[in-house]
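Pasting run39.csv here (CSV, C-alpha atoms and all ligand atoms):
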```csv
chain,number,residue,atom,x,y,z
A,1,MET,CA,30.1,10.2,12.1
A,2,GLN,CA,28.7,13.3,13.8
A,3,PHE,CA,25.4,14.5,12.4
A,4,ALA,CA,24.6,18.2,12.3
A,5,PHE,CA,21.4,17.4,14.1
A,6,PRO,CA,19.9,14.1,15.3
A,7,PRO,CA,18.6,12.1,12.3
A,8,ALA,CA,14.9,11.3,12.2
A,9,VAL,CA,13.8,8.1,14.0
A,10,ALA,CA,12.9,5.5,11.4
A,11,ALA,CA,9.3,5.2,10.5
A,12,ALA,CA,8.1,1.8,11.9
A,13,VAL,CA,5.1,-0.6,11.9
A,14,PRO,CA,4.3,-2.9,14.8
A,15,VAL,CA,4.9,-6.6,14.3
A,16,ALA,CA,1.8,-8.6,15.3
A,17,GLY,CA,2.1,-10.7,18.4
A,18,SER,CA,5.4,-9.1,19.4
A,19,SER,CA,6.7,-6.0,21.1
A,20,THR,CA,9.0,-5.3,18.1
A,21,PHE,CA,8.6,-2.9,15.2
A,22,PHE,CA,9.4,-3.3,11.5
A,23,PRO,CA,11.6,-0.3,10.5
A,24,VAL,CA,10.4,1.0,7.1
A,25,HIS,CA,13.1,1.6,4.5
A,26,ARG,CA,11.0,2.4,1.3
A,27,ILE,CA,7.4,2.1,0.2
A,28,TYR,CA,6.9,0.7,-3.3
A,29,CYS,CA,3.4,0.5,-4.8
A,30,VAL,CA,2.1,-1.5,-7.8
A,31,GLY,CA,-0.3,0.2,-10.1
A,32,ARG,CA,-3.2,-1.5,-11.9
A,33,ASN,CA,-2.7,-5.0,-10.6
A,34,TYR,CA,-6.3,-6.3,-10.7
A,35,VAL,CA,-8.1,-6.5,-14.0
A,36,GLU,CA,-11.4,-4.9,-12.9
A,37,HIS,CA,-9.5,-1.9,-11.3
A,38,ALA,CA,-7.4,-1.4,-14.3
A,39,LYS,CA,-10.6,-1.2,-16.4
A,40,GLU,CA,-12.2,1.2,-14.0
A,41,MET,CA,-9.1,3.5,-14.4
A,42,GLY,CA,-9.5,3.5,-18.1
A,43,GLY,CA,-7.2,0.6,-19.2
A,44,THR,CA,-7.9,-2.7,-20.8
A,45,GLY,CA,-6.9,-4.7,-17.8
A,46,ARG,CA,-4.0,-6.3,-19.8
A,47,GLU,CA,-1.2,-3.8,-19.4
A,48,ALA,CA,1.9,-4.7,-17.5
A,49,PRO,CA,1.6,-3.3,-13.9
A,50,PHE,CA,3.9,-0.4,-13.1
A,51,PHE,CA,5.5,1.0,-9.9
A,52,PHE,CA,5.5,4.2,-8.0
A,53,MET,CA,6.7,5.2,-4.5
A,54,LYS,CA,5.6,6.8,-1.3
A,55,PRO,CA,8.1,8.2,1.3
A,56,ALA,CA,8.8,5.8,4.2
A,57,ASP,CA,7.3,8.2,6.7
A,58,ALA,CA,4.0,8.2,4.8
A,59,VAL,CA,3.0,5.1,6.9
A,60,LEU,CA,0.1,5.6,9.3
A,61,PRO,CA,0.3,2.5,11.6
A,62,ILE,CA,-3.1,1.5,13.1
A,63,LEU,CA,-3.2,-1.0,15.9
A,64,PRO,CA,-5.8,-3.8,16.1
A,65,ASP,CA,-8.9,-3.0,18.2
A,66,THR,CA,-8.4,0.8,17.8
A,67,VAL,CA,-9.8,3.3,15.3
A,68,GLY,CA,-7.0,5.1,13.7
A,69,GLU,CA,-7.4,8.7,12.5
A,70,MET,CA,-6.3,10.1,9.2
A,71,HIS,CA,-6.3,13.8,8.6
A,72,TYR,CA,-8.2,14.7,5.4
A,73,PRO,CA,-5.4,16.3,3.3
A,74,THR,CA,-5.4,19.7,1.8
A,75,HIS,CA,-5.6,20.4,-2.0
A,76,THR,CA,-8.1,17.7,-2.8
A,77,ALA,CA,-11.8,17.3,-3.2
A,78,GLU,CA,-11.6,13.6,-4.2
A,79,LEU,CA,-9.6,11.5,-1.7
A,80,HIS,CA,-9.9,7.8,-2.7
A,81,HIS,CA,-9.3,4.6,-0.7
A,82,GLU,CA,-7.4,1.7,-2.3
A,83,ILE,CA,-7.4,-1.5,-0.1
A,84,GLU,CA,-4.1,-3.4,-0.7
A,85,MET,CA,-2.2,-6.3,0.7
A,86,VAL,CA,1.2,-5.1,1.8
A,87,VAL,CA,4.3,-7.3,1.5
A,88,ALA,CA,7.1,-6.6,4.0
A,89,ILE,CA,10.6,-7.5,2.8
A,90,GLY,CA,12.9,-9.1,5.4
A,91,LYS,CA,15.8,-10.0,3.2
A,92,GLY,CA,17.1,-7.7,0.4
A,93,GLY,CA,18.4,-8.5,-3.0
A,94,ARG,CA,18.7,-7.6,-6.7
A,95,ASP,CA,17.2,-9.6,-9.6
A,96,ILE,CA,15.4,-12.0,-7.3
A,97,ALA,CA,13.8,-14.9,-9.2
A,98,ALA,CA,10.1,-15.4,-8.6
A,99,ALA,CA,10.9,-18.9,-7.4
A,100,ASP,CA,13.1,-17.5,-4.6
A,101,ALA,CA,10.8,-14.6,-3.7
A,102,ALA,CA,9.2,-16.2,-0.6
A,103,SER,CA,12.6,-16.3,1.2
A,104,HIS,CA,12.7,-12.5,1.0
A,105,ILE,CA,9.3,-11.9,2.6
A,106,PHE,CA,9.2,-11.0,6.3
A,107,GLY,CA,5.4,-10.8,6.4
A,108,TYR,CA,2.2,-9.2,5.3
A,109,ALA,CA,-0.2,-6.4,6.4
A,110,VAL,CA,-3.5,-4.8,5.5
A,111,GLY,CA,-2.8,-1.4,3.9
A,112,ILE,CA,-4.7,1.4,2.2
A,113,ASP,CA,-3.1,3.4,-0.7
A,114,MET,CA,-4.8,6.7,-0.1
A,115,THR,CA,-4.9,8.8,-3.3
A,116,ARG,CA,-5.8,12.4,-4.2
A,117,ARG,CA,-7.6,11.2,-7.3
A,118,ASP,CA,-8.3,14.7,-8.7
A,119,LEU,CA,-4.6,15.6,-8.6
A,120,GLN,CA,-3.7,12.3,-10.0
A,121,ALA,CA,-6.1,12.7,-12.9
A,122,ALA,CA,-4.7,16.2,-13.6
A,123,ALA,CA,-1.1,14.9,-13.4
A,124,LYS,CA,-1.9,12.1,-15.9
A,125,LYS,CA,-3.3,14.6,-18.3
A,126,GLN,CA,-0.3,16.8,-18.1
A,127,GLY,CA,2.3,14.1,-18.0
A,128,ARG,CA,3.4,15.2,-14.6
A,129,PRO,CA,4.6,13.0,-11.6
A,130,TRP,CA,2.3,11.6,-9.0
A,131,CYS,CA,4.1,12.7,-5.8
A,132,THR,CA,1.4,15.0,-4.6
A,133,SER,CA,-1.4,12.6,-5.5
A,134,LYS,CA,0.2,9.5,-4.0
A,135,GLY,CA,3.1,10.3,-1.7
A,136,PHE,CA,1.6,12.8,0.8
A,137,ASP,CA,1.7,12.5,4.6
A,138,GLU,CA,-0.4,9.7,6.2
A,139,SER,CA,-1.1,8.4,2.6
A,140,ALA,CA,-0.1,4.8,3.6
A,141,PRO,CA,-2.4,3.6,6.5
A,142,ILE,CA,-1.2,0.1,7.6
A,143,GLY,CA,-2.1,-2.5,10.1
A,144,PRO,CA,0.4,-4.6,12.0
A,145,ILE,CA,2.8,-6.8,10.0
A,146,HIS,CA,2.1,-10.6,10.4
A,147,ARG,CA,5.1,-12.7,10.1
A,148,LEU,CA,5.3,-15.1,7.2
A,149,ALA,CA,6.2,-17.8,9.7
A,150,GLU,CA,2.8,-17.5,11.2
A,151,THR,CA,0.7,-16.8,8.1
A,152,GLY,CA,2.3,-19.0,5.6
A,153,LEU,CA,2.4,-17.8,2.0
A,154,ILE,CA,-0.7,-15.7,1.2
A,155,GLU,CA,-1.9,-16.3,-2.4
A,156,GLY,CA,-5.7,-16.2,-2.0
A,157,GLY,CA,-8.4,-15.2,0.3
A,158,ALA,CA,-10.7,-12.2,0.6
A,159,ILE,CA,-9.7,-8.6,0.5
A,160,PHE,CA,-12.3,-6.0,1.3
A,161,LEU,CA,-13.0,-2.4,2.3
A,162,ASN,CA,-16.2,-0.9,3.8
A,163,VAL,CA,-17.1,2.7,4.4
A,164,ASN,CA,-19.6,3.5,7.1
A,165,GLY,CA,-20.6,-0.2,7.1
A,166,VAL,CA,-21.3,-0.3,3.3
A,167,SER,CA,-19.1,-2.5,1.1
A,168,ARG,CA,-17.0,-0.5,-1.4
A,169,GLN,CA,-14.3,-3.0,-2.4
A,170,ASN,CA,-14.6,-6.8,-2.2
A,171,SER,CA,-12.4,-9.2,-4.1
A,172,THR,CA,-9.9,-12.0,-3.7
A,173,LEU,CA,-6.1,-12.0,-3.8
A,174,ASP,CA,-6.0,-14.7,-6.5
A,175,LYS,CA,-7.1,-12.0,-8.9
A,176,LEU,CA,-3.8,-10.2,-8.7
A,177,ILE,CA,-2.5,-9.8,-12.3
A,178,TRP,CA,1.1,-10.1,-11.1
A,179,SER,CA,1.5,-12.4,-8.1
A,180,VAL,CA,3.6,-11.3,-5.2
A,181,ALA,CA,6.4,-13.5,-6.4
A,182,GLU,CA,6.3,-12.0,-9.9
A,183,THR,CA,6.1,-8.5,-8.4
A,184,ILE,CA,9.2,-9.1,-6.3
A,185,GLU,CA,11.1,-10.5,-9.3
A,186,THR,CA,10.3,-7.5,-11.5
A,187,LEU,CA,10.7,-4.8,-8.8
A,188,SER,CA,14.1,-6.2,-7.7
A,189,GLY,CA,15.2,-5.8,-11.3
A,190,PHE,CA,14.6,-2.0,-11.1
A,191,PHE,CA,15.7,-1.5,-7.4
A,192,GLU,CA,17.8,-3.4,-4.9
A,193,LEU,CA,15.3,-4.5,-2.4
A,194,MET,CA,16.3,-3.9,1.2
A,195,PRO,CA,15.1,-5.3,4.6
A,196,GLY,CA,12.4,-2.8,5.7
A,197,ASP,CA,10.9,-2.3,2.2
A,198,LEU,CA,7.1,-2.4,2.0
A,199,ILE,CA,5.3,-3.3,-1.3
A,200,TYR,CA,1.6,-2.2,-1.7
A,201,THR,CA,0.6,-4.8,-4.2
A,202,GLY,CA,-2.3,-3.0,-5.9
A,203,THR,CA,-6.1,-2.6,-5.3
A,204,PRO,CA,-9.2,-4.3,-6.7
A,205,ALA,CA,-12.1,-2.5,-8.2
A,206,GLY,CA,-14.4,-0.2,-6.3
A,207,VAL,CA,-12.1,2.7,-5.4
A,208,ALA,CA,-14.2,5.8,-4.4
A,209,ALA,CA,-14.1,9.0,-2.4
A,210,VAL,CA,-14.2,9.4,1.4
A,211,GLU,CA,-15.3,12.5,3.4
A,212,ARG,CA,-14.4,13.8,6.9
A,213,GLY,CA,-16.2,11.7,9.5
A,214,ASP,CA,-16.2,8.5,7.4
A,215,LEU,CA,-15.3,5.2,9.0
A,216,LEU,CA,-13.2,2.9,6.9
A,217,GLU,CA,-12.9,-0.8,7.7
A,218,ALA,CA,-10.5,-2.8,5.7
A,219,GLY,CA,-9.4,-6.4,5.9
A,220,ILE,CA,-7.7,-9.4,4.4
A,221,ASP,CA,-8.2,-13.1,5.3
A,222,GLY,CA,-5.5,-14.1,7.8
A,223,LEU,CA,-4.3,-10.5,8.4
A,224,GLY,CA,-7.2,-9.1,10.5
A,225,THR,CA,-8.9,-5.8,9.9
A,226,LEU,CA,-8.0,-2.2,10.2
A,227,ALA,CA,-10.4,0.6,11.2
A,228,MET,CA,-9.8,4.3,10.4
A,229,ARG,CA,-11.8,7.5,10.7
A,230,MET,CA,-11.3,10.5,8.4
A,231,VAL,CA,-10.9,13.6,10.5
B,1,MN,MN,-2.8,1.5,-5.3
```
How does the structure come out when it is put into structure tokens?
Amino acid sequence: MQFAFPPAVAAAVPVAGSSTFFPVHRIYCVGRNYVEHAKEMGGTGREAPFFFMKPADAVLPILPDTVGEMHYPTHTAELHHEIEMVVAIGKGGRDIAAADAASHIFGYAVGIDMTRRDLQAAAKKQGRPWCTSKGFDESAPIGPIHRLAETGLIEGGAIFLNVNGVSRQNSTLDKLIWSVAETIETLSGFFELMPGDLIYTGTPAGVAAVERGDLLEAGIDGLGTLAMRMV
């Protein structure tokens, strides 16, 4: 096949402890997957979580021991952070049973689902899609992907995000409403999962706005930390 022009190089995320990169196929995100966050967004904390997407090239990979930079996007006055554990899919499939989900996981990473909250609130009110509030450029900062073989299954542990040294989000992964296995089961019923898919698994309470110059530090037990400055 001859392309009319060279296709874009795949978006990619470094694999921890390796010189290889994880090529990103799609980015799926889970909404309202921690009770306290669902409540702060106006829900009861009991609704079934739901899914939305970001484009693959929305990833903003940040290496350990560096401070990444995210450009404060246009058209917002309320850019929010959402710390999330990211699950990287290594083996695809449809209708994957929760009991088999682990065999489809390549690894895990620390991620932030950056959100233009003001645009999202307006979209919700008008029944419009979330593309401009969730799927913009650099909206998916992510640390290196740690292989499942090295981390083992991650089903608990701390998840936190600080801004300028002050705690904003601090929870534990056992508070996920839908576990990673249940999320893979449900999501793979809607979409055929493929190697290279990333799943942002939802954020705990404490989402709030950042400004240019702010330093975000986010971490998850066993997956290290990620540092990023808004510019
Ligand atoms: Mn989110």
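Each residue with an atom within 7 Å of any atom of ligand MN 1 (chain B) appears in the list, which was built counting only C-alpha atoms and all ligand atoms: Cys29, Val30, Gly31, Glu82, Glu84, Asp113, Tyr200, Gly202 and Thr203 of chain A.
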Spatial neighbours of stretch 147-154 of chain A, max dist 8 Å, all atoms listed in the file, sep filter under 3 positions, as a CSV table (one decimal) with C-alpha atoms, in the frame of the given file:
```
chain,number,residue,atom,x,y,z
A,15,VAL,CA,4.9,-6.6,14.3
A,16,ALA,CA,1.8,-8.6,15.3
A,102,ALA,CA,9.2,-16.2,-0.6
A,105,ILE,CA,9.3,-11.9,2.6
A,106,PHE,CA,9.2,-11.0,6.3
A,107,GLY,CA,5.4,-10.8,6.4
A,108,TYR,CA,2.2,-9.2,5.3
A,157,GLY,CA,-8.4,-15.2,0.3
A,222,GLY,CA,-5.5,-14.1,7.8
```
A:Cys131 surroundings by only C-alpha atoms, 10 Å radius, close-in-sequence under 2 positions cut, as a VMD selection string: chain A and resid 52 to 55 119 to 120 123 128 to 129 133 to 136
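Counting all atoms listed in the file and comparing A:Gly165, A:Pro23, A:Gly143, A:Gly43, the residue that lies closest to A:Asp57 is A:Pro23.
Of the listed residues A:Asn164, A:Thr115, A:Ser103, A:Gln126, the one whose atoms come nearest to A:Ile184 is A:Ser103, with distances taken using all atoms listed in the file.
If all atoms listed in the file are the atoms counted, then among A:Pro14, A:Gly156, A:Gly90, A:Pro6 the closest residue to A:Leu60 is A:Pro14.
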Using only C-alpha atoms, find the one residue out of A:Leu193, A:Leu223, A:Val210, A:Leu198 that sits nearest to A:Lys91. A:Leu193
How many Å lie between atom CA of A:Ala98 and atom CA of A:Ser179, rounded to one decimal? 9.1 Å
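Between atom CA of A:Ala4 and atom CA of A:Val59 there is a distance of 25.8 Å.
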At a cut-off of 10 Å, using only C-alpha atoms, what residues contact A:Tyr72? Leave out same-chain residues fewer than 3 positions from it and give the result as a PyMOL selection string. chain A and resi 69+75-77+79+138-139+210-213+229-231
Please produce a file of those selected residues containing C-alpha atoms, as a PDB file, in the frame of the given file.
```pdb
ATOM      1  CA  GLU A  69      -7.400   8.700  12.500  1.00  0.00           C
ATOM      2  CA  HIS A  75      -5.600  20.400  -2.000  1.00  0.00           C
ATOM      3  CA  THR A  76      -8.100  17.700  -2.800  1.00  0.00           C
ATOM      4  CA  ALA A  77     -11.800  17.300  -3.200  1.00  0.00           C
ATOM      5  CA  LEU A  79      -9.600  11.500  -1.700  1.00  0.00           C
ATOM      6  CA  GLU A 138      -0.400   9.700   6.200  1.00  0.00           C
ATOM      7  CA  SER A 139      -1.100   8.400   2.600  1.00  0.00           C
ATOM      8  CA  VAL A 210     -14.200   9.400   1.400  1.00  0.00           C
ATOM      9  CA  GLU A 211     -15.300  12.500   3.400  1.00  0.00           C
ATOM     10  CA  ARG A 212     -14.400  13.800   6.900  1.00  0.00           C
ATOM     11  CA  GLY A 213     -16.200  11.700   9.500  1.00  0.00           C
ATOM     12  CA  ARG A 229     -11.800   7.500  10.700  1.00  0.00           C
ATOM     13  CA  MET A 230     -11.300  10.500   8.400  1.00  0.00           C
ATOM     14  CA  VAL A 231     -10.900  13.600  10.500  1.00  0.00           C
TER      15      VAL A 231
END
```
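Of the residues listed (A:Pro7, A:Pro49, A:Gly42, A:Gly189), A:Pro49 shows the shortest atom-to-atom separation from A:Ile177; distances use all atoms listed in the file.
Nearest-residue note for A:Gly111: choosing from A:Ala88, A:Ile83, A:Leu216, A:Ile145, the minimum distance belongs to A:Ile83, counting all atoms listed in the file.
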Computed interatomic separation between atom CA of A:Thr201 and atom CA of A:Thr74 (Å): 25.9 Å
Working from the structure I just supplied, which lacks atoms in stretch 164-175 of chain A, can you model N, CA, C and O atoms there and output them as a CSV table (one decimal), in the coordinates of the input?
```
chain,number,residue,atom,x,y,z
A,164,ASN,N,-18.4,3.3,6.3
A,164,ASN,CA,-19.6,3.5,7.1
A,164,ASN,C,-20.5,2.2,7.0
A,164,ASN,O,-21.7,2.3,6.9
A,165,GLY,N,-19.9,1.0,7.0
A,165,GLY,CA,-20.6,-0.2,7.1
A,165,GLY,C,-21.1,-0.7,5.7
A,165,GLY,O,-21.7,-1.7,5.6
A,166,VAL,N,-20.8,0.1,4.7
A,166,VAL,CA,-21.3,-0.3,3.3
A,166,VAL,C,-20.1,-0.8,2.5
A,166,VAL,O,-19.0,-0.1,2.5
A,167,SER,N,-20.2,-1.9,1.8
A,167,SER,CA,-19.1,-2.5,1.1
A,167,SER,C,-18.8,-1.6,-0.1
A,167,SER,O,-19.6,-1.2,-0.9
A,168,ARG,N,-17.5,-1.3,-0.2
A,168,ARG,CA,-17.0,-0.5,-1.4
A,168,ARG,C,-16.1,-1.4,-2.3
A,168,ARG,O,-16.1,-1.4,-3.5
A,169,GLN,N,-15.2,-2.2,-1.7
A,169,GLN,CA,-14.3,-3.0,-2.4
A,169,GLN,C,-14.3,-4.4,-1.8
A,169,GLN,O,-14.3,-4.6,-0.6
A,170,ASN,N,-14.4,-5.4,-2.7
A,170,ASN,CA,-14.6,-6.8,-2.2
A,170,ASN,C,-14.1,-7.7,-3.3
A,170,ASN,O,-14.7,-7.8,-4.3
A,171,SER,N,-12.9,-8.3,-3.1
A,171,SER,CA,-12.4,-9.2,-4.1
A,171,SER,C,-11.6,-10.3,-3.4
A,171,SER,O,-11.7,-10.6,-2.2
A,172,THR,N,-10.8,-11.0,-4.2
A,172,THR,CA,-9.9,-12.0,-3.7
A,172,THR,C,-8.5,-11.9,-4.2
A,172,THR,O,-8.3,-11.4,-5.4
A,173,LEU,N,-7.5,-12.3,-3.4
A,173,LEU,CA,-6.1,-12.0,-3.8
A,173,LEU,C,-5.7,-12.9,-5.0
A,173,LEU,O,-4.6,-12.5,-5.6
A,174,ASP,N,-6.4,-13.9,-5.3
A,174,ASP,CA,-6.0,-14.7,-6.5
A,174,ASP,C,-6.2,-14.0,-7.8
A,174,ASP,O,-5.8,-14.4,-8.8
A,175,LYS,N,-6.9,-12.8,-7.7
A,175,LYS,CA,-7.1,-12.0,-8.9
A,175,LYS,C,-6.0,-11.0,-9.2
A,175,LYS,O,-6.1,-10.2,-10.2
```
